[in-house]
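What follows is protein-v3.txt (compact mmCIF, C-alpha atoms and all ligand atoms).
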```txt
# COMPACT_ATOMS: atom_id res chain seq x y z
CA MET A 1481 -35.33 54.45 72.02
CA GLU A 1482 -35.00 58.13 72.92
CA PRO A 1483 -37.22 60.61 71.04
CA VAL A 1484 -35.55 62.23 68.05
CA LYS A 1485 -34.76 65.90 68.63
CA CYS A 1486 -31.81 66.65 66.41
CA ILE A 1487 -31.11 65.34 62.92
CA GLY A 1488 -27.65 65.17 61.32
CA ILE A 1489 -27.31 65.33 57.54
CA LEU A 1490 -24.36 64.23 55.45
CA THR A 1491 -23.49 63.60 51.82
CA SER A 1492 -21.11 60.75 51.04
CA GLY A 1493 -19.39 58.97 48.16
CA GLY A 1494 -19.49 60.47 44.68
CA ASP A 1495 -21.23 63.84 44.42
CA ALA A 1496 -24.36 64.10 42.31
CA PRO A 1497 -26.37 67.09 41.04
CA GLY A 1498 -29.44 67.47 43.24
CA MET A 1499 -27.67 66.70 46.51
CA ASN A 1500 -28.05 70.37 47.49
CA ALA A 1501 -31.77 70.27 46.75
CA ALA A 1502 -31.95 67.23 49.05
CA ILE A 1503 -30.00 68.97 51.85
CA ARG A 1504 -32.36 71.94 51.54
CA ALA A 1505 -35.48 69.78 51.67
CA ILE A 1506 -34.33 67.70 54.65
CA THR A 1507 -33.29 70.82 56.58
CA ARG A 1508 -36.49 72.73 55.89
CA ALA A 1509 -38.80 69.77 56.53
CA ALA A 1510 -36.96 69.00 59.78
CA ILE A 1511 -37.20 72.59 61.04
CA TYR A 1512 -40.84 72.77 59.92
CA ASN A 1513 -41.52 69.77 62.18
CA GLY A 1514 -39.66 71.22 65.17
CA PHE A 1515 -36.37 69.30 64.90
CA LYS A 1516 -32.91 70.79 65.25
CA VAL A 1517 -30.57 70.21 62.32
CA LYS A 1518 -26.81 69.77 62.13
CA GLY A 1519 -24.85 69.72 58.90
CA ILE A 1520 -22.01 67.19 58.88
CA TYR A 1521 -19.21 68.15 56.45
CA ARG A 1522 -17.18 65.71 54.31
CA GLY A 1523 -19.36 62.66 54.83
CA TYR A 1524 -18.40 59.98 57.35
CA GLU A 1525 -14.88 61.39 57.45
CA GLY A 1526 -16.25 64.67 58.82
CA LEU A 1527 -18.40 62.81 61.34
CA ILE A 1528 -15.26 61.10 62.63
CA ASN A 1529 -13.30 64.38 62.61
CA ASN A 1530 -16.11 66.37 64.24
CA GLU A 1531 -16.80 68.71 61.30
CA ILE A 1532 -20.34 69.46 62.43
CA LYS A 1533 -22.28 72.75 62.35
CA ASP A 1534 -25.72 73.96 63.41
CA PHE A 1535 -27.97 74.41 60.39
CA THR A 1536 -30.82 76.88 60.01
CA THR A 1537 -33.04 77.57 57.03
CA GLU A 1538 -30.55 80.27 55.92
CA ASN A 1539 -27.81 77.68 55.48
CA VAL A 1540 -29.84 76.14 52.69
CA SER A 1541 -31.05 79.32 50.98
CA ASN A 1542 -30.24 79.74 47.32
CA ILE A 1543 -28.79 76.25 46.83
CA ILE A 1544 -31.57 74.33 45.05
CA GLN A 1545 -30.09 75.24 41.66
CA ARG A 1546 -26.46 74.48 42.53
CA GLY A 1547 -24.58 71.34 41.53
CA GLY A 1548 -22.20 69.52 43.87
CA THR A 1549 -22.86 69.50 47.60
CA ILE A 1550 -22.46 72.38 50.06
CA LEU A 1551 -21.73 69.79 52.75
CA LYS A 1552 -18.80 68.46 50.67
CA THR A 1553 -18.34 64.76 50.30
CA ALA A 1554 -15.59 62.25 50.95
CA ARG A 1555 -14.73 58.60 51.04
CA SER A 1556 -13.73 57.38 54.49
CA GLU A 1557 -11.59 54.30 55.06
CA GLU A 1558 -11.80 54.84 58.81
CA PHE A 1559 -15.59 54.56 58.82
CA ARG A 1560 -15.22 51.02 57.45
CA THR A 1561 -13.68 50.02 60.80
CA PRO A 1562 -15.61 49.56 64.09
CA GLU A 1563 -13.19 52.00 65.77
CA GLY A 1564 -13.99 54.68 63.18
CA ARG A 1565 -17.72 54.18 63.60
CA LYS A 1566 -17.31 54.41 67.39
CA LYS A 1567 -15.64 57.81 67.01
CA ALA A 1568 -18.45 58.87 64.70
CA TYR A 1569 -21.05 57.78 67.25
CA GLU A 1570 -19.32 59.61 70.09
CA ASN A 1571 -19.19 62.83 68.07
CA MET A 1572 -22.85 62.51 67.20
CA ARG A 1573 -23.73 62.08 70.87
CA SER A 1574 -21.64 65.07 71.90
CA HIS A 1575 -23.58 67.20 69.41
CA GLY A 1576 -26.91 65.78 70.57
CA ILE A 1577 -27.63 64.25 67.16
CA ASN A 1578 -30.00 61.31 67.53
CA ALA A 1579 -31.00 60.57 63.93
CA LEU A 1580 -28.95 60.56 60.75
CA VAL A 1581 -29.92 61.20 57.13
CA VAL A 1582 -27.32 60.02 54.61
CA ILE A 1583 -27.41 61.10 50.98
CA GLY A 1584 -25.24 58.85 48.84
CA GLY A 1585 -24.84 55.75 46.76
CA ASP A 1586 -24.58 52.07 47.40
CA GLY A 1587 -21.40 52.31 49.51
CA SER A 1588 -22.73 55.14 51.65
CA LEU A 1589 -25.91 53.24 52.46
CA THR A 1590 -23.84 50.13 53.24
CA GLY A 1591 -21.95 52.29 55.73
CA ALA A 1592 -25.21 53.60 57.22
CA ARG A 1593 -26.43 50.05 57.62
CA ALA A 1594 -23.25 48.94 59.39
CA PHE A 1595 -23.54 51.95 61.71
CA ALA A 1596 -27.21 51.29 62.47
CA GLU A 1597 -26.45 47.67 63.32
CA GLU A 1598 -23.98 48.77 65.99
CA TYR A 1599 -25.69 51.83 67.45
CA ASP A 1600 -29.26 52.61 68.35
CA ILE A 1601 -29.61 55.57 65.99
CA PRO A 1602 -32.30 55.76 63.29
CA CYS A 1603 -30.59 56.08 59.92
CA ILE A 1604 -32.45 57.16 56.81
CA GLY A 1605 -30.92 57.04 53.33
CA LEU A 1606 -31.54 59.13 50.23
CA PRO A 1607 -30.38 57.64 46.91
CA GLY A 1608 -27.84 60.19 45.65
CA THR A 1609 -25.79 58.90 42.75
CA ILE A 1610 -25.65 59.55 39.03
CA ASP A 1611 -25.36 55.78 38.42
CA ASN A 1612 -29.03 54.97 39.22
CA ASP A 1613 -27.86 51.65 40.62
CA LEU A 1614 -29.93 51.52 43.80
CA TYR A 1615 -32.70 48.97 43.94
CA GLY A 1616 -36.19 50.04 45.06
CA THR A 1617 -36.36 53.48 43.48
CA ASP A 1618 -37.18 54.22 39.85
CA THR A 1619 -34.41 56.81 39.66
CA THR A 1620 -31.70 58.24 41.91
CA ILE A 1621 -30.87 61.88 42.59
CA GLY A 1622 -28.41 63.11 39.93
CA TYR A 1623 -29.15 60.50 37.30
CA ASP A 1624 -31.43 62.65 35.15
CA THR A 1625 -29.02 65.59 35.15
CA ALA A 1626 -26.06 63.38 34.25
CA MET A 1627 -28.04 61.83 31.43
CA ASN A 1628 -28.94 65.27 30.06
CA THR A 1629 -25.28 66.27 30.21
CA ILE A 1630 -24.26 63.16 28.27
CA VAL A 1631 -26.90 63.81 25.62
CA GLU A 1632 -25.73 67.40 25.20
CA CYS A 1633 -22.13 66.21 24.74
CA VAL A 1634 -23.05 63.43 22.31
CA ASP A 1635 -25.03 65.88 20.19
CA LYS A 1636 -21.81 67.85 19.79
CA ILE A 1637 -19.72 64.77 19.07
CA ARG A 1638 -22.23 63.78 16.40
CA ASP A 1639 -21.52 66.99 14.46
CA THR A 1640 -17.87 66.15 14.16
CA ALA A 1641 -18.48 62.39 13.70
CA THR A 1642 -20.68 63.00 10.66
CA SER A 1643 -18.31 65.56 9.19
CA HIS A 1644 -15.47 63.06 9.21
CA ASP A 1645 -17.27 59.72 8.72
CA ARG A 1646 -15.96 58.33 11.98
CA ILE A 1647 -16.97 55.77 14.57
CA PHE A 1648 -16.93 57.37 18.01
CA PHE A 1649 -16.80 55.32 21.18
CA VAL A 1650 -18.08 57.58 23.94
CA GLU A 1651 -17.45 56.34 27.45
CA VAL A 1652 -19.90 57.32 30.17
CA MET A 1653 -20.00 56.72 33.93
CA GLY A 1654 -22.19 54.21 35.74
CA ARG A 1655 -19.75 51.96 37.58
CA ASP A 1656 -21.18 48.46 37.11
CA ALA A 1657 -24.56 49.69 35.88
CA GLY A 1658 -25.54 50.50 32.31
CA PHE A 1659 -28.51 52.85 32.94
CA LEU A 1660 -26.67 56.00 31.90
CA ALA A 1661 -25.25 54.34 28.78
CA GLN A 1662 -28.44 52.64 27.69
CA ASN A 1663 -30.81 55.56 28.16
CA SER A 1664 -28.45 58.22 26.87
CA ALA A 1665 -27.94 56.06 23.76
CA ILE A 1666 -31.68 56.24 23.15
CA ALA A 1667 -31.90 59.96 23.85
CA ALA A 1668 -28.87 60.87 21.76
CA GLY A 1669 -29.79 58.57 18.87
CA ALA A 1670 -26.61 56.50 19.18
CA GLU A 1671 -26.18 53.36 17.07
CA ALA A 1672 -25.39 51.12 20.03
CA ALA A 1673 -24.80 50.95 23.76
CA ILE A 1674 -22.32 48.57 25.30
CA ILE A 1675 -23.37 47.88 28.88
CA PRO A 1676 -22.16 45.57 31.66
CA GLU A 1677 -25.58 43.94 32.06
CA ASP A 1678 -25.36 42.50 28.55
CA GLN A 1679 -21.77 41.38 28.70
CA THR A 1680 -22.25 37.72 29.37
CA ASP A 1681 -24.82 37.25 26.60
CA VAL A 1682 -22.99 38.17 23.43
CA ASP A 1683 -19.99 39.95 22.08
CA GLN A 1684 -21.70 43.32 21.83
CA LEU A 1685 -19.08 44.77 19.52
CA GLU A 1686 -19.36 41.85 17.08
CA GLU A 1687 -23.09 42.30 17.08
CA PHE A 1688 -22.84 46.00 16.38
CA ILE A 1689 -20.43 45.51 13.49
CA SER A 1690 -22.31 42.54 12.02
CA ARG A 1691 -25.54 44.53 12.05
CA GLY A 1692 -23.81 46.55 9.39
CA CYS A 1693 -23.10 49.65 11.42
CA ARG A 1694 -21.90 51.48 8.35
CA LYS A 1695 -24.07 50.08 5.61
CA THR A 1696 -26.55 52.89 5.66
CA LYS A 1697 -24.61 55.44 7.67
CA ASN A 1698 -21.24 57.03 7.29
CA SER A 1699 -20.66 57.63 10.96
CA SER A 1700 -21.61 55.88 14.15
CA ILE A 1701 -21.75 56.64 17.81
CA VAL A 1702 -21.44 53.86 20.35
CA ILE A 1703 -21.99 54.69 24.01
CA VAL A 1704 -19.85 52.50 26.27
CA SER A 1705 -20.41 52.08 29.95
CA GLU A 1706 -17.24 52.49 32.01
CA SER A 1707 -16.35 49.07 33.31
CA LYS A 1708 -13.39 47.73 35.19
CA LYS A 1709 -14.08 44.31 33.74
CA ASP A 1710 -13.47 45.04 30.06
CA GLY A 1711 -11.57 48.31 29.96
CA GLY A 1712 -14.31 50.57 28.60
CA ALA A 1713 -14.27 52.60 25.37
CA MET A 1714 -10.49 52.39 24.83
CA HIS A 1715 -10.65 48.63 24.77
CA TYR A 1716 -13.36 48.58 22.10
CA ALA A 1717 -11.65 51.22 19.99
CA GLU A 1718 -8.41 49.23 20.04
CA ARG A 1719 -10.25 46.10 18.98
CA VAL A 1720 -11.96 47.83 16.07
CA LYS A 1721 -8.71 49.40 14.93
CA LYS A 1722 -7.10 45.96 14.91
CA GLU A 1723 -9.95 43.87 13.51
CA TYR A 1724 -11.47 46.45 11.14
CA PRO A 1725 -8.64 48.76 10.04
CA GLN A 1726 -10.88 50.30 7.36
CA TYR A 1727 -12.80 52.24 10.03
CA ASP A 1728 -11.70 55.62 11.36
CA VAL A 1729 -12.16 55.29 15.10
CA ARG A 1730 -12.10 57.87 17.88
CA VAL A 1731 -12.66 57.74 21.63
CA THR A 1732 -14.17 60.35 23.94
CA ILE A 1733 -14.24 59.75 27.67
CA LEU A 1734 -16.70 62.19 29.17
CA GLY A 1735 -15.35 61.80 32.72
CA HIS A 1736 -16.17 64.12 35.57
CA LEU A 1737 -18.13 66.68 33.63
CA GLN A 1738 -20.99 64.18 33.97
CA ARG A 1739 -21.09 64.89 37.71
CA GLY A 1740 -21.30 68.66 37.47
CA GLY A 1741 -23.89 71.24 36.55
CA SER A 1742 -27.13 72.64 37.79
CA PRO A 1743 -29.62 69.86 38.59
CA SER A 1744 -32.48 69.25 36.17
CA ALA A 1745 -36.06 69.98 37.22
CA ALA A 1746 -36.67 66.22 37.58
CA ASP A 1747 -33.73 65.85 39.98
CA ARG A 1748 -34.77 68.89 42.02
CA ILE A 1749 -38.29 67.52 42.39
CA LEU A 1750 -37.04 64.04 43.25
CA ALA A 1751 -34.61 65.42 45.86
CA SER A 1752 -37.28 67.69 47.36
CA ARG A 1753 -39.84 64.90 47.63
CA LEU A 1754 -37.39 62.42 49.11
CA GLY A 1755 -36.04 65.02 51.54
CA VAL A 1756 -39.52 65.73 52.91
CA ALA A 1757 -40.24 61.98 52.96
CA SER A 1758 -37.13 61.33 55.07
CA ILE A 1759 -38.49 63.53 57.85
CA ASP A 1760 -41.94 61.91 57.55
CA ALA A 1761 -40.17 58.56 57.96
CA ILE A 1762 -38.42 59.73 61.14
CA LEU A 1763 -41.74 61.03 62.51
CA GLU A 1764 -43.28 57.62 61.80
CA GLY A 1765 -40.48 55.87 63.71
CA GLN A 1766 -38.92 54.33 60.60
CA ARG A 1767 -35.24 53.40 60.70
CA ASN A 1768 -32.68 51.88 58.39
CA VAL A 1769 -34.65 52.53 55.23
CA MET A 1770 -33.87 54.30 51.98
CA MET A 1771 -36.43 56.69 50.57
CA GLY A 1772 -37.42 55.84 47.02
CA ILE A 1773 -40.05 56.66 44.44
CA GLN A 1774 -41.83 53.90 42.57
CA ASN A 1775 -44.61 54.74 40.13
CA ASP A 1776 -44.75 58.29 41.48
CA GLN A 1777 -45.30 57.11 45.07
CA VAL A 1778 -42.84 57.49 47.92
CA VAL A 1779 -41.70 54.11 49.27
CA TYR A 1780 -39.47 53.03 52.16
CA VAL A 1781 -36.92 50.46 51.05
CA PRO A 1782 -34.98 48.57 53.76
CA PHE A 1783 -31.22 49.13 53.39
CA THR A 1784 -30.72 45.39 52.97
CA LYS A 1785 -32.90 45.40 49.85
CA ALA A 1786 -31.62 48.67 48.35
CA ILE A 1787 -27.99 47.61 48.59
CA LYS A 1788 -27.97 43.88 48.03
CA ASN A 1789 -30.13 43.55 44.96
CA ASP A 1790 -28.87 44.23 41.49
CA LYS A 1791 -31.25 46.67 39.88
CA PRO A 1792 -32.21 45.07 36.57
CA ILE A 1793 -32.02 47.01 33.34
CA ASN A 1794 -35.22 47.03 31.34
CA ARG A 1795 -34.50 44.76 28.35
CA ASP A 1796 -37.00 46.74 26.25
CA LEU A 1797 -34.47 49.58 26.21
CA ILE A 1798 -31.89 47.37 24.51
CA ARG A 1799 -34.45 46.45 21.87
CA VAL A 1800 -35.32 50.11 21.28
CA VAL A 1801 -31.69 51.00 20.52
CA ASP A 1802 -31.41 48.01 18.18
CA ILE A 1803 -34.54 48.87 16.25
CA LEU A 1804 -33.78 52.57 15.95
CA SER A 1805 -30.19 52.12 14.85
CA ILE A 1806 -30.89 50.66 11.37
P1 LIG A 1901 -21.13 56.48 44.29
O1 LIG A 1901 -22.10 55.40 43.87
O2 LIG A 1901 -21.52 57.79 43.74
O3 LIG A 1901 -19.68 56.14 44.06
P2 LIG A 1901 -21.06 55.51 47.01
O4 LIG A 1901 -21.85 55.94 48.16
O5 LIG A 1901 -21.35 54.13 46.48
O6 LIG A 1901 -21.25 56.62 45.88
P3 LIG A 1901 -18.49 54.63 48.09
O7 LIG A 1901 -17.14 55.21 47.94
O8 LIG A 1901 -18.69 53.22 47.66
O9 LIG A 1901 -19.49 55.63 47.34
O10 LIG A 1901 -18.90 54.70 49.64
C1 LIG A 1901 -18.82 55.92 50.36
C2 LIG A 1901 -18.35 55.68 51.77
O11 LIG A 1901 -19.27 54.83 52.48
C3 LIG A 1901 -17.01 54.96 51.90
O12 LIG A 1901 -15.90 55.81 51.71
C4 LIG A 1901 -17.06 54.44 53.33
O13 LIG A 1901 -16.76 55.45 54.26
C5 LIG A 1901 -18.56 54.10 53.48
N1 LIG A 1901 -18.73 52.65 53.30
C6 LIG A 1901 -18.84 51.98 52.14
N2 LIG A 1901 -18.95 50.65 52.37
C7 LIG A 1901 -18.89 50.49 53.71
C8 LIG A 1901 -18.95 49.35 54.58
N3 LIG A 1901 -19.06 48.10 54.12
N4 LIG A 1901 -18.88 49.58 55.92
C9 LIG A 1901 -18.76 50.83 56.40
N5 LIG A 1901 -18.69 51.93 55.63
C10 LIG A 1901 -18.75 51.77 54.31
```
Write out the structure in this file as structure tokens.
Ligand code: ATP
Amino acid sequence: MEPVKCIGILTSGGDAPGMNAAIRAITRAAIYNGFKVKGIYRGYEGLINNEIKDFTTENVSNIIQRGGTILKTARSEEFRTPEGRKKAYENMRSHGINALVVIGGDGSLTGARAFAEEYDIPCIGLPGTIDNDLYGTDTTIGYDTAMNTIVECVDKIRDTATSHDRIFFVEVMGRDAGFLAQNSAIAAGAEAAIIPEDQTDVDQLEEFISRGCRKTKNSSIVIVSESKKDGGAMHYAERVKKEYPQYDVRVTILGHLQRGGSPSAADRILASRLGVASIDAILEGQRNVMMGIQNDQVVYVPFTKAIKNDKPINRDLIRVVDILSI
């Protein structure tokens, strides 16, 4: 394997607050250790289309506090094909890039793994997704900020819910993972969280109603994880309207505002630590690993583990919501 001299950085998949802090940390740590850095715009799509620029420390000045990603992000169908990945490899070679750091979610790291299997290029991943659904790290970059955003919104919804004695179903992001819903339900003092991880066990709506959601309270807030399987908050609201017409039901879908905003301190620290760790990993000759933090220690998680395993939700959290919602 040739020695690494130049590191390419890209952000891919859904954007997440803290990605800029990660780009800054990777760039600065790389330059600190004598590497050259190239910024690759628009994820894998930009790698295929040769949207690559030299990066210096100035490129990453004044971005730690900014949401989104200065490198832009994209989804790339072409990168899913061997021909697309070949183009990406050729562009990397022509720019002298011989190591790649990818900041993104599950799909982005799956792409990095496919690429690393075909070409002899060390690939390092940083978990950048608000969904927190990557195995091997306690949290992902963007998750804490998104959760804070949700809590801020639910606090506002609560004011109107209590004024009108209503049940609000608030839908939050998370894809197939319920971390955002479950933890924001605790933080916002919601009466229940409906999450995909619990779906096979019980009818969560039945349980919520039968617990006597409105015996002691005049209004309720239920946080619902977006889910392709059951149709999310709208589906539950429709059911309640049909089965319990006495309740005044409303739906709020928080949508993309959950992705925006200045990253929280926790996300900035996480991104900075993982960014520095990614360069340490390259210096140590690591490849095809995701950087993670477990119990406050940096860990290297093989892509195969980070992607393949379903990250389990802590069942204690479900119990906490139940107990505190009486
Ligand atoms: P988020 O969790 O925020 O949605 P993500 O990284 O999971 O982010 P995806 O859209 O799933 O987002 O993946 C991003 C990109 O990674 C895809 O557009 C594609 O280019 C690449 N990718 C995903 N899966 C594969 C695969 N199996 N092979 C090659 N590339 C892939």
Out of A:Gly1654, A:Gly1584, A:Pro1562, A:Gly1772, which residue has the shortest atom-to-atom distance to Arg1522 in chain A when counting only C-alpha atoms?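 Once distances to Arg1522 in chain A are computed over only C-alpha atoms, the minimum belongs to A:Gly1584.
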Write out as a ChimeraX atom specification each polymer residue whose atoms come within 9 Å of range 1644-1652 of chain A, counting all atoms listed in the file; drop sequence neighbours fewer than 6 positions from it. /A:1630,1634,1637-1638,1660-1661,1697-1706,1712-1714,1716-1717,1727-1735,1738
Quick one: 5 Å padding each side, axis-aligned, all listed atoms of range 1711-1725 of chain A - centre and edge lengths in Å to one decimal, as lines of an AutoDock Vina configuration file?
```
center_x = -10.7
center_y = 48.2
center_z = 20.0
size_x = 17.2
size_y = 18.7
size_z = 29.9
```
Using all atoms listed in the file, which residues have at least one atom no more than 9 Å from ligand LIG 1901 (chain A)? Output them as a ChimeraX atom specification. /A:1491-1496,1523-1525,1553-1562,1565,1583-1595,1607-1614,1654-1655
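For the pair CA of Ala1501 in chain A and CA of Phe1659 in chain A, the separation is 22.5 Å.
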List the neighbours of range 1739-1754 of chain A out to 9 Å using only C-alpha atoms; skip same-chain residues closer than 4 positions along the sequence, and give me the result as a PyMOL selection string. chain A and resi 1494-1506+1544-1548+1606-1608+1610+1619-1626+1628-1629+1735+1758-1759+1771-1773+1778
Out of A:Thr1537, A:Ala1596, A:Val1582, A:Asn1768, which residue has the shortest atom-to-atom distance to Lys1566 in chain A when counting all atoms listed in the file? A:Ala1596
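Proximity ranking of A:Gly1765, A:Gly1605, A:Pro1792, A:Gly1488 relative to Met1572 in chain A places A:Gly1488 first, based on all atoms listed in the file.
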Residue nearest Met1653 in chain A among A:Val1779, A:Leu1527, A:Ala1668, A:Leu1737 (counting only C-alpha atoms): A:Leu1737
I'd like the neighbourhood of range 1575-1578 of chain A as an MDAnalysis selection string, where a residue qualifies if any of its atoms comes within 10 Å (using only C-alpha atoms), though same-chain residues fewer than 6 positions away should be ignored. chainID A and resid 1481:1489 1516:1518 1530 1532:1534 1569 1600:1603
Kindly give the distance, in Å, that separates CA of Gly1616 in chain A and CA of Asp1760 in chain A, rounded to a single decimal.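 Going from CA of Gly1616 in chain A over to CA of Asp1760 in chain A covers 18.2 Å.
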Can you measure CA of Tyr1521 in chain A to CA of Lys1552 in chain A for me? One decimal in Å is fine.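 That distance, rounded to one decimal, is 5.8 Å.
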Give the answer as one residue: which of A:Thr1507, A:Gly1514, A:Gly1526, A:Asn1789 has the shortest atom-to-atom distance to Leu1763 in chain A, using all atoms listed in the file?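 Comparing A:Thr1507, A:Gly1514, A:Gly1526, A:Asn1789 against Leu1763 in chain A, the winner is A:Gly1514.
For Ile1798 in chain A, the set of protein, DNA and RNA residues having any atom at most 12 Å away, when counting all atoms listed in the file and skipping those fewer than 2 positions along the same chain, is A:Gly1658, A:Phe1659, A:Ala1661, A:Gln1662, A:Asn1663, A:Ser1664, A:Ala1665, A:Ile1666, A:Ala1670, A:Glu1671, A:Ala1672, A:Ala1673, A:Ile1674, A:Ile1675, A:Glu1677, A:Asp1678, A:Gln1684, A:Ile1793, A:Asn1794, A:Arg1795, A:Asp1796, A:Val1800, A:Val1801, A:Asp1802, A:Ile1803, A:Leu1804, A:Ser1805.
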Just the selected residues (C-alpha atoms), exported as a PDB file, keeping the file's coordinate frame, please.
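Final output, saved to part-v7.pdb:
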```pdb
ATOM      1  CA  GLY A1658     -25.540  50.500  32.310  1.00  0.00           C
ATOM      2  CA  PHE A1659     -28.510  52.850  32.940  1.00  0.00           C
ATOM      3  CA  ALA A1661     -25.250  54.340  28.780  1.00  0.00           C
ATOM      4  CA  GLN A1662     -28.440  52.640  27.690  1.00  0.00           C
ATOM      5  CA  ASN A1663     -30.810  55.560  28.160  1.00  0.00           C
ATOM      6  CA  SER A1664     -28.450  58.220  26.870  1.00  0.00           C
ATOM      7  CA  ALA A1665     -27.940  56.060  23.760  1.00  0.00           C
ATOM      8  CA  ILE A1666     -31.680  56.240  23.150  1.00  0.00           C
ATOM      9  CA  ALA A1670     -26.610  56.500  19.180  1.00  0.00           C
ATOM     10  CA  GLU A1671     -26.180  53.360  17.070  1.00  0.00           C
ATOM     11  CA  ALA A1672     -25.390  51.120  20.030  1.00  0.00           C
ATOM     12  CA  ALA A1673     -24.800  50.950  23.760  1.00  0.00           C
ATOM     13  CA  ILE A1674     -22.320  48.570  25.300  1.00  0.00           C
ATOM     14  CA  ILE A1675     -23.370  47.880  28.880  1.00  0.00           C
ATOM     15  CA  GLU A1677     -25.580  43.940  32.060  1.00  0.00           C
ATOM     16  CA  ASP A1678     -25.360  42.500  28.550  1.00  0.00           C
ATOM     17  CA  GLN A1684     -21.700  43.320  21.830  1.00  0.00           C
ATOM     18  CA  ILE A1793     -32.020  47.010  33.340  1.00  0.00           C
ATOM     19  CA  ASN A1794     -35.220  47.030  31.340  1.00  0.00           C
ATOM     20  CA  ARG A1795     -34.500  44.760  28.350  1.00  0.00           C
ATOM     21  CA  ASP A1796     -37.000  46.740  26.250  1.00  0.00           C
ATOM     22  CA  VAL A1800     -35.320  50.110  21.280  1.00  0.00           C
ATOM     23  CA  VAL A1801     -31.690  51.000  20.520  1.00  0.00           C
ATOM     24  CA  ASP A1802     -31.410  48.010  18.180  1.00  0.00           C
ATOM     25  CA  ILE A1803     -34.540  48.870  16.250  1.00  0.00           C
ATOM     26  CA  LEU A1804     -33.780  52.570  15.950  1.00  0.00           C
ATOM     27  CA  SER A1805     -30.190  52.120  14.850  1.00  0.00           C
TER      28      SER A1805
END
```
Rank A:Ser1643, A:Ala1657, A:Leu1551, A:Glu1723 by their smallest atom-to-atom distance to Tyr1615 in chain A, using only C-alpha atoms, and report the top residue only.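 Closest to Tyr1615 in chain A, using only C-alpha atoms: A:Ala1657.
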